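Engineer: Just upload_30.cif, nothing more (mmCIF, C-alpha atoms):
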```
data_entry
#
loop_
_atom_site.label_atom_id
_atom_site.label_comp_id
_atom_site.auth_asym_id
_atom_site.auth_seq_id
_atom_site.Cartn_x
_atom_site.Cartn_y
_atom_site.Cartn_z
CA MET A 168 28.81 -0.32 -7.49
CA ALA A 169 25.20 -0.93 -8.39
CA ILE A 170 22.82 -2.49 -5.90
CA SER A 171 21.96 -5.13 -8.48
CA GLU A 172 25.56 -6.40 -8.30
CA PHE A 173 25.14 -7.13 -4.59
CA LEU A 174 22.11 -9.25 -5.44
CA THR A 175 23.95 -10.95 -8.30
CA ILE A 176 26.98 -11.91 -6.21
CA MET A 177 24.85 -13.75 -3.64
CA ARG A 178 23.19 -15.89 -6.35
CA PRO A 179 19.61 -15.44 -5.13
CA LEU A 180 18.29 -18.59 -6.82
CA ASN A 181 20.66 -20.72 -4.72
CA CYS A 182 19.50 -18.82 -1.63
CA LEU A 183 15.87 -19.43 -2.57
CA MET A 184 16.64 -23.15 -2.71
CA ALA A 185 17.90 -22.89 0.88
CA THR A 186 14.61 -21.25 1.88
CA ALA A 187 12.68 -24.03 0.12
CA GLY A 188 14.67 -26.68 2.00
CA THR A 189 13.93 -24.90 5.26
CA PHE A 190 10.19 -24.80 4.53
CA ILE A 191 10.16 -28.45 3.44
CA GLY A 192 12.05 -29.55 6.56
CA TYR A 193 9.65 -27.62 8.77
CA SER A 194 6.56 -28.93 6.97
CA ILE A 195 7.67 -32.54 7.24
CA ALA A 196 8.63 -32.16 10.91
CA ALA A 197 5.35 -30.39 11.73
CA GLU A 198 3.40 -32.94 9.65
CA MET A 199 1.47 -30.18 7.91
CA LEU A 200 1.89 -27.40 5.40
CA GLN A 201 1.83 -24.26 7.45
CA PHE A 202 3.37 -20.85 6.99
CA ASN A 203 3.85 -18.77 10.12
CA PHE A 204 6.15 -16.12 11.57
CA ALA A 205 8.83 -18.57 12.75
CA VAL A 206 8.98 -20.25 9.32
CA ALA A 207 9.20 -16.88 7.58
CA ILE A 208 12.09 -15.83 9.85
CA ALA A 209 13.83 -19.20 9.39
CA MET A 210 13.53 -18.86 5.62
CA CYS A 211 15.05 -15.37 5.83
CA VAL A 212 17.88 -16.74 7.98
CA ALA A 213 18.56 -19.52 5.47
CA PHE A 214 18.58 -16.98 2.62
CA LEU A 215 20.96 -14.65 4.43
CA VAL A 216 23.41 -17.28 5.69
CA CYS A 217 23.45 -19.02 2.31
CA GLY A 218 24.06 -15.67 0.61
CA GLY A 219 26.84 -14.85 3.05
CA GLY A 220 28.44 -18.21 2.31
CA ILE A 221 28.35 -17.62 -1.43
CA VAL A 222 29.73 -14.09 -1.17
CA ILE A 223 32.54 -15.05 1.22
CA ASN A 224 33.47 -17.86 -1.16
CA ASP A 225 33.70 -15.41 -4.06
CA TYR A 226 35.83 -13.14 -1.86
CA PHE A 227 38.36 -15.89 -1.13
CA ASP A 228 38.25 -17.22 -4.73
CA ARG A 229 38.77 -13.80 -6.33
CA ARG A 230 42.29 -14.55 -7.61
CA VAL A 231 41.29 -17.85 -9.19
CA ASP A 232 38.12 -16.27 -10.56
CA ALA A 233 40.21 -13.51 -12.14
CA ARG A 234 41.72 -16.19 -14.38
CA LEU A 235 38.82 -18.61 -14.79
CA HIS A 236 35.72 -16.40 -14.41
CA PRO A 237 36.76 -12.80 -15.08
CA ASN A 238 33.15 -11.69 -15.57
CA LYS A 239 32.16 -12.42 -11.95
CA PRO A 240 31.43 -9.28 -9.90
CA ILE A 241 34.73 -9.09 -7.97
CA PRO A 242 37.25 -9.85 -10.75
CA SER A 243 35.36 -7.64 -13.20
CA GLY A 244 35.57 -4.74 -10.73
CA ARG A 245 31.80 -4.32 -10.41
CA ILE A 246 32.21 -4.99 -6.66
CA THR A 247 35.43 -4.42 -4.74
CA ALA A 248 36.86 -7.29 -2.70
CA ARG A 249 36.51 -5.21 0.47
CA ALA A 250 32.85 -4.43 -0.25
CA ALA A 251 32.17 -8.14 -0.88
CA LEU A 252 33.83 -9.09 2.41
CA TYR A 253 31.80 -6.54 4.37
CA TYR A 254 28.64 -7.60 2.54
CA ALA A 255 29.23 -11.26 3.47
CA LEU A 256 29.77 -10.29 7.10
CA VAL A 257 26.57 -8.21 7.13
CA LEU A 258 24.60 -11.11 5.63
CA PHE A 259 26.00 -13.53 8.22
CA PHE A 260 25.39 -11.11 11.09
CA ALA A 261 21.80 -10.36 9.99
CA GLY A 262 20.96 -14.05 9.57
CA ASN A 263 22.43 -15.03 12.92
CA ALA A 264 20.84 -12.09 14.73
CA LEU A 265 17.42 -13.08 13.38
CA ALA A 266 17.98 -16.70 14.43
CA PHE A 267 19.16 -15.68 17.89
CA CYS A 268 16.29 -13.28 18.51
CA TYR A 269 13.36 -15.15 17.00
CA LEU A 270 14.08 -18.87 16.60
CA THR A 271 14.85 -21.87 18.78
CA ALA A 272 18.26 -22.35 20.35
CA MET A 273 18.94 -25.28 18.01
CA ALA A 274 18.06 -23.16 14.97
CA PHE A 275 20.54 -20.53 16.10
CA VAL A 276 23.22 -23.17 16.69
CA ILE A 277 22.72 -24.51 13.16
CA ALA A 278 22.81 -21.02 11.60
CA PHE A 279 25.94 -20.08 13.55
CA ALA A 280 27.66 -23.41 12.87
CA PHE A 281 27.12 -23.03 9.13
CA THR A 282 28.33 -19.46 9.22
CA VAL A 283 31.58 -20.73 10.73
CA LEU A 284 31.74 -23.71 8.35
CA PHE A 285 31.17 -21.53 5.26
CA ILE A 286 33.94 -19.16 6.36
CA LEU A 287 36.29 -22.09 7.08
CA TYR A 288 35.39 -23.75 3.80
CA SER A 289 36.10 -20.63 1.78
CA SER A 290 39.27 -19.63 3.60
CA VAL A 291 40.90 -22.98 4.35
CA LEU A 292 38.94 -26.09 3.36
CA THR A 293 38.90 -25.47 -0.39
CA ARG A 294 42.44 -26.89 -0.29
CA ALA A 295 41.09 -30.04 1.41
CA LYS A 296 38.80 -30.94 -1.47
CA TYR A 297 36.98 -33.93 -0.04
CA ILE A 298 36.32 -32.33 3.34
CA GLY A 299 35.16 -29.19 1.55
CA ASN A 300 32.81 -31.30 -0.59
CA PHE A 301 31.11 -32.60 2.53
CA VAL A 302 30.81 -29.09 3.98
CA VAL A 303 29.05 -27.89 0.81
CA ALA A 304 26.85 -31.00 0.71
CA SER A 305 25.97 -30.70 4.40
CA GLY A 306 24.90 -27.09 3.81
CA THR A 307 22.22 -28.41 1.50
CA ALA A 308 21.21 -31.25 3.82
CA PHE A 309 21.04 -29.04 6.89
CA THR A 310 18.46 -26.71 5.38
CA LEU A 311 16.01 -29.55 5.99
CA LEU A 312 17.20 -30.02 9.57
CA PHE A 313 17.19 -26.26 10.11
CA GLY A 314 13.47 -26.20 9.24
CA ALA A 315 12.84 -29.20 11.48
CA SER A 316 14.62 -27.45 14.36
CA LEU A 317 11.62 -25.14 14.69
CA VAL A 318 9.56 -28.15 15.75
CA GLY A 319 12.21 -30.41 17.25
CA ASN A 320 11.06 -33.45 15.28
CA TYR A 321 14.03 -34.78 13.29
CA TYR A 322 13.04 -38.39 12.69
CA VAL A 323 11.83 -38.43 9.07
CA VAL A 324 13.68 -35.25 8.14
CA GLY A 325 16.95 -36.83 9.31
CA PHE A 326 16.63 -39.59 6.72
CA LEU A 327 15.89 -37.10 3.96
CA ALA A 328 18.79 -34.90 5.07
CA GLY A 329 21.09 -37.92 4.96
CA ALA A 330 19.97 -38.72 1.43
CA ALA A 331 20.51 -35.09 0.42
CA LEU A 332 23.95 -35.11 2.01
CA PHE A 333 25.16 -38.14 0.08
CA ALA A 334 23.54 -37.07 -3.20
CA ASN A 335 25.14 -33.62 -2.99
CA ALA A 336 28.51 -35.04 -1.88
CA ALA A 337 28.49 -37.27 -4.97
CA ARG A 338 27.66 -34.24 -7.11
CA GLU A 339 30.54 -32.25 -5.59
CA LEU A 340 32.97 -35.14 -6.16
CA ILE A 341 31.89 -35.44 -9.80
CA LYS A 342 32.37 -31.69 -10.27
CA ASP A 343 35.89 -32.03 -8.85
CA LEU A 344 36.68 -34.85 -11.28
CA GLU A 345 35.44 -32.67 -14.15
CA ASP A 346 37.65 -29.82 -12.91
CA ILE A 347 40.68 -32.14 -12.82
CA GLU A 348 40.01 -33.17 -16.43
CA ALA A 349 39.68 -29.51 -17.45
#
```
Take the structure I supplied and represent it as structure tokens, if you would.
Structural biologist:
Amino acid sequence: MAISEFLTIMRPLNCLMATAGTFIGYSIAAEMLQFNFAVAIAMCVAFLVCGGGIVINDYFDRRVDARLHPNKPIPSGRITARAALYYALVLFFAGNALAFCYLTAMAFVIAFAFTVLFILYSSVLTRAKYIGNFVVASGTAFTLLFGASLVGNYYVVGFLAGAALFANAARELIKDLEDIEA
């Protein structure tokens, strides 16, 4: 197993989007563009928890992916299922440990809650499509609130997070309809 496969399986561009949402949420809540230690840690937490969520999803989807996406890291054998599971757990643990040690209590609660939600989504909620769609959409929306949790000012960010939630929920529903047609 090459190290590059562990980066590939976590889809780093998606994780970078989570870090961007965190920075944007913080900047809006703080009413200024500022990069500091807490923001850097929060961005790392968002990257790690997002990556853990993606990897755990690939772990639970490995049988379906073997049929539909055989070139993904787990079905292709480039990463074992066990290694992917342990990797997801390490990503979740590292992200939550950083949040617990260096960020606000609310930031830790959000990171931990989404760790649990991503595990539930991947293991159980994929069968409850519409609930799962809102979990995925809320993951996007909460990156903004996660950034705002460093300041504690949620007023404007809450409206933007709500818009992101509904836009991403619509996207997830449309993807489901396309999957049904396929």
Engineer: Expand the PyMOL selection byres ((chain A and resi 299) around 12) into the explicit residue set it covers here, and present it as an MDAnalysis selection string.
Structural biologist: chainID A and resid 224 284:298 300:306 335:336 339:340 343
Engineer: Show me as a ChimeraX atom specification the residues that reach within 12 Å of (10.6, -17.5, 10.5), counting all atoms listed in the file and using the file's own coordinates.
Structural biologist: /A:186,189-190,193,201-214,262,265-271,274-275,313-318
Engineer: Select, from A:Ala308, A:Met199, A:Met184, A:Val276, the residue with the minimum atom-to-atom distance to Phe326 in chain A, counting all atoms listed in the file.
Structural biologist: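 Between A:Ala308, A:Met199, A:Met184, A:Val276, the residue approaching Phe326 in chain A most closely is A:Ala308.
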Engineer: In Å, with one decimal, what is the gap from CA of Glu172 in chain A to CA of Ile241 in chain A?
Structural biologist: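 The value is 9.6 Å.
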Engineer: Under the rule that all atoms listed in the file are counted, which of A:Leu235, A:Leu252, A:Val324, A:Ala278 is the nearest residue to Gly188 in chain A?
Structural biologist: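 Comparing A:Leu235, A:Leu252, A:Val324, A:Ala278 against Gly188 in chain A, the winner is A:Val324.
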Engineer: When you draw a straight line from CA of Asn263 in chain A to CA of Thr310 in chain A, how long is it in Å?
Structural biologist: 14.5 Å
Engineer: Between CA of Leu327 in chain A and CA of Ala280 in chain A, measure the distance and give it in Å to one decimal.
Structural biologist: 20.1 Å
Engineer: Please write as a list in words the list of polymer residues whose atoms come within 6 Å of (24.6, -13.6, 1.7), counting all atoms listed in the file and keeping to the coordinates of the file.
Structural biologist: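 Protein, DNA and RNA residues close to (24.6, -13.6, 1.7): Met177, Leu215, Val216, Cys217, Gly218, Gly219, Val222, Ala255 and Leu258 of chain A.
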Engineer: Counting all atoms listed in the file, which residue out of A:Leu312, A:Ala264, A:Val257, A:Ala334 sits closest to Phe173 in chain A?
Structural biologist: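 Closest to Phe173 in chain A of all the choices is A:Val257.
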Engineer: Applied to the shown file, which residues does the PyMOL selection byres ((chain A and resi 169) around 12) return, written as a PyMOL selection string?
Structural biologist: chain A and resi 168+170-176+240+244-247+250
Engineer: Which one of A:Gly329, A:Gly220, A:Pro242, A:Gly319 sits closest to Ala197 in chain A if you count only C-alpha atoms?
Structural biologist: A:Gly319
Engineer: Missing atoms in range 189-206 of chain A need filling: write out N, CA, C and O atoms for it as a JSON list (two decimals), keeping the file's coordinate frame.
Structural biologist:
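out_5.json written:
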```json
[["chain", "number", "residue", "atom", "x", "y", "z"],
["A", 189, "THR", "N", 14.36, -25.23, 3.90],
["A", 189, "THR", "CA", 13.93, -24.90, 5.26],
["A", 189, "THR", "C", 12.43, -25.12, 5.42],
["A", 189, "THR", "O", 11.97, -25.73, 6.39],
["A", 190, "PHE", "N", 11.65, -24.64, 4.46],
["A", 190, "PHE", "CA", 10.19, -24.80, 4.53],
["A", 190, "PHE", "C", 9.80, -26.28, 4.45],
["A", 190, "PHE", "O", 8.93, -26.74, 5.20],
["A", 191, "ILE", "N", 10.46, -27.02, 3.58],
["A", 191, "ILE", "CA", 10.16, -28.45, 3.44],
["A", 191, "ILE", "C", 10.50, -29.19, 4.73],
["A", 191, "ILE", "O", 9.71, -30.01, 5.21],
["A", 192, "GLY", "N", 11.67, -28.91, 5.31],
["A", 192, "GLY", "CA", 12.05, -29.55, 6.56],
["A", 192, "GLY", "C", 11.06, -29.26, 7.68],
["A", 192, "GLY", "O", 10.67, -30.14, 8.44],
["A", 193, "TYR", "N", 10.63, -27.99, 7.76],
["A", 193, "TYR", "CA", 9.65, -27.62, 8.77],
["A", 193, "TYR", "C", 8.32, -28.35, 8.53],
["A", 193, "TYR", "O", 7.73, -28.90, 9.46],
["A", 194, "SER", "N", 7.86, -28.33, 7.29],
["A", 194, "SER", "CA", 6.56, -28.93, 6.97],
["A", 194, "SER", "C", 6.53, -30.42, 7.28],
["A", 194, "SER", "O", 5.54, -30.94, 7.79],
["A", 195, "ILE", "N", 7.62, -31.11, 6.95],
["A", 195, "ILE", "CA", 7.67, -32.54, 7.24],
["A", 195, "ILE", "C", 7.70, -32.77, 8.75],
["A", 195, "ILE", "O", 6.99, -33.63, 9.28],
["A", 196, "ALA", "N", 8.52, -32.00, 9.45],
["A", 196, "ALA", "CA", 8.63, -32.16, 10.91],
["A", 196, "ALA", "C", 7.31, -31.82, 11.60],
["A", 196, "ALA", "O", 6.93, -32.48, 12.57],
["A", 197, "ALA", "N", 6.62, -30.80, 11.12],
["A", 197, "ALA", "CA", 5.35, -30.39, 11.73],
["A", 197, "ALA", "C", 4.18, -31.25, 11.26],
["A", 197, "ALA", "O", 3.08, -31.15, 11.80],
["A", 198, "GLU", "N", 4.42, -32.07, 10.24],
["A", 198, "GLU", "CA", 3.40, -32.94, 9.65],
["A", 198, "GLU", "C", 2.22, -32.18, 9.10],
["A", 198, "GLU", "O", 1.09, -32.64, 9.14],
["A", 199, "MET", "N", 2.51, -30.98, 8.58],
["A", 199, "MET", "CA", 1.47, -30.18, 7.91],
["A", 199, "MET", "C", 2.14, -29.05, 7.14],
["A", 199, "MET", "O", 3.25, -28.63, 7.47],
["A", 200, "LEU", "N", 1.44, -28.59, 6.12],
["A", 200, "LEU", "CA", 1.89, -27.40, 5.40],
["A", 200, "LEU", "C", 1.35, -26.19, 6.12],
["A", 200, "LEU", "O", 0.14, -26.01, 6.20],
["A", 201, "GLN", "N", 2.25, -25.43, 6.69],
["A", 201, "GLN", "CA", 1.83, -24.26, 7.45],
["A", 201, "GLN", "C", 2.90, -23.19, 7.31],
["A", 201, "GLN", "O", 4.09, -23.46, 7.38],
["A", 202, "PHE", "N", 2.44, -21.97, 7.08],
["A", 202, "PHE", "CA", 3.37, -20.85, 6.99],
["A", 202, "PHE", "C", 3.05, -19.91, 8.14],
["A", 202, "PHE", "O", 1.92, -19.48, 8.31],
["A", 203, "ASN", "N", 4.06, -19.65, 8.98],
["A", 203, "ASN", "CA", 3.85, -18.77, 10.12],
["A", 203, "ASN", "C", 5.08, -17.87, 10.29],
["A", 203, "ASN", "O", 6.02, -17.93, 9.51],
["A", 204, "PHE", "N", 5.08, -17.07, 11.33],
["A", 204, "PHE", "CA", 6.15, -16.12, 11.57],
["A", 204, "PHE", "C", 7.50, -16.81, 11.72],
["A", 204, "PHE", "O", 8.50, -16.39, 11.13],
["A", 205, "ALA", "N", 7.56, -17.88, 12.52],
["A", 205, "ALA", "CA", 8.83, -18.57, 12.75],
["A", 205, "ALA", "C", 9.38, -19.14, 11.44],
["A", 205, "ALA", "O", 10.59, -19.06, 11.19],
["A", 206, "VAL", "N", 8.53, -19.70, 10.62],
["A", 206, "VAL", "CA", 8.98, -20.25, 9.32],
["A", 206, "VAL", "C", 9.48, -19.13, 8.42],
["A", 206, "VAL", "O", 10.51, -19.27, 7.76]]
```
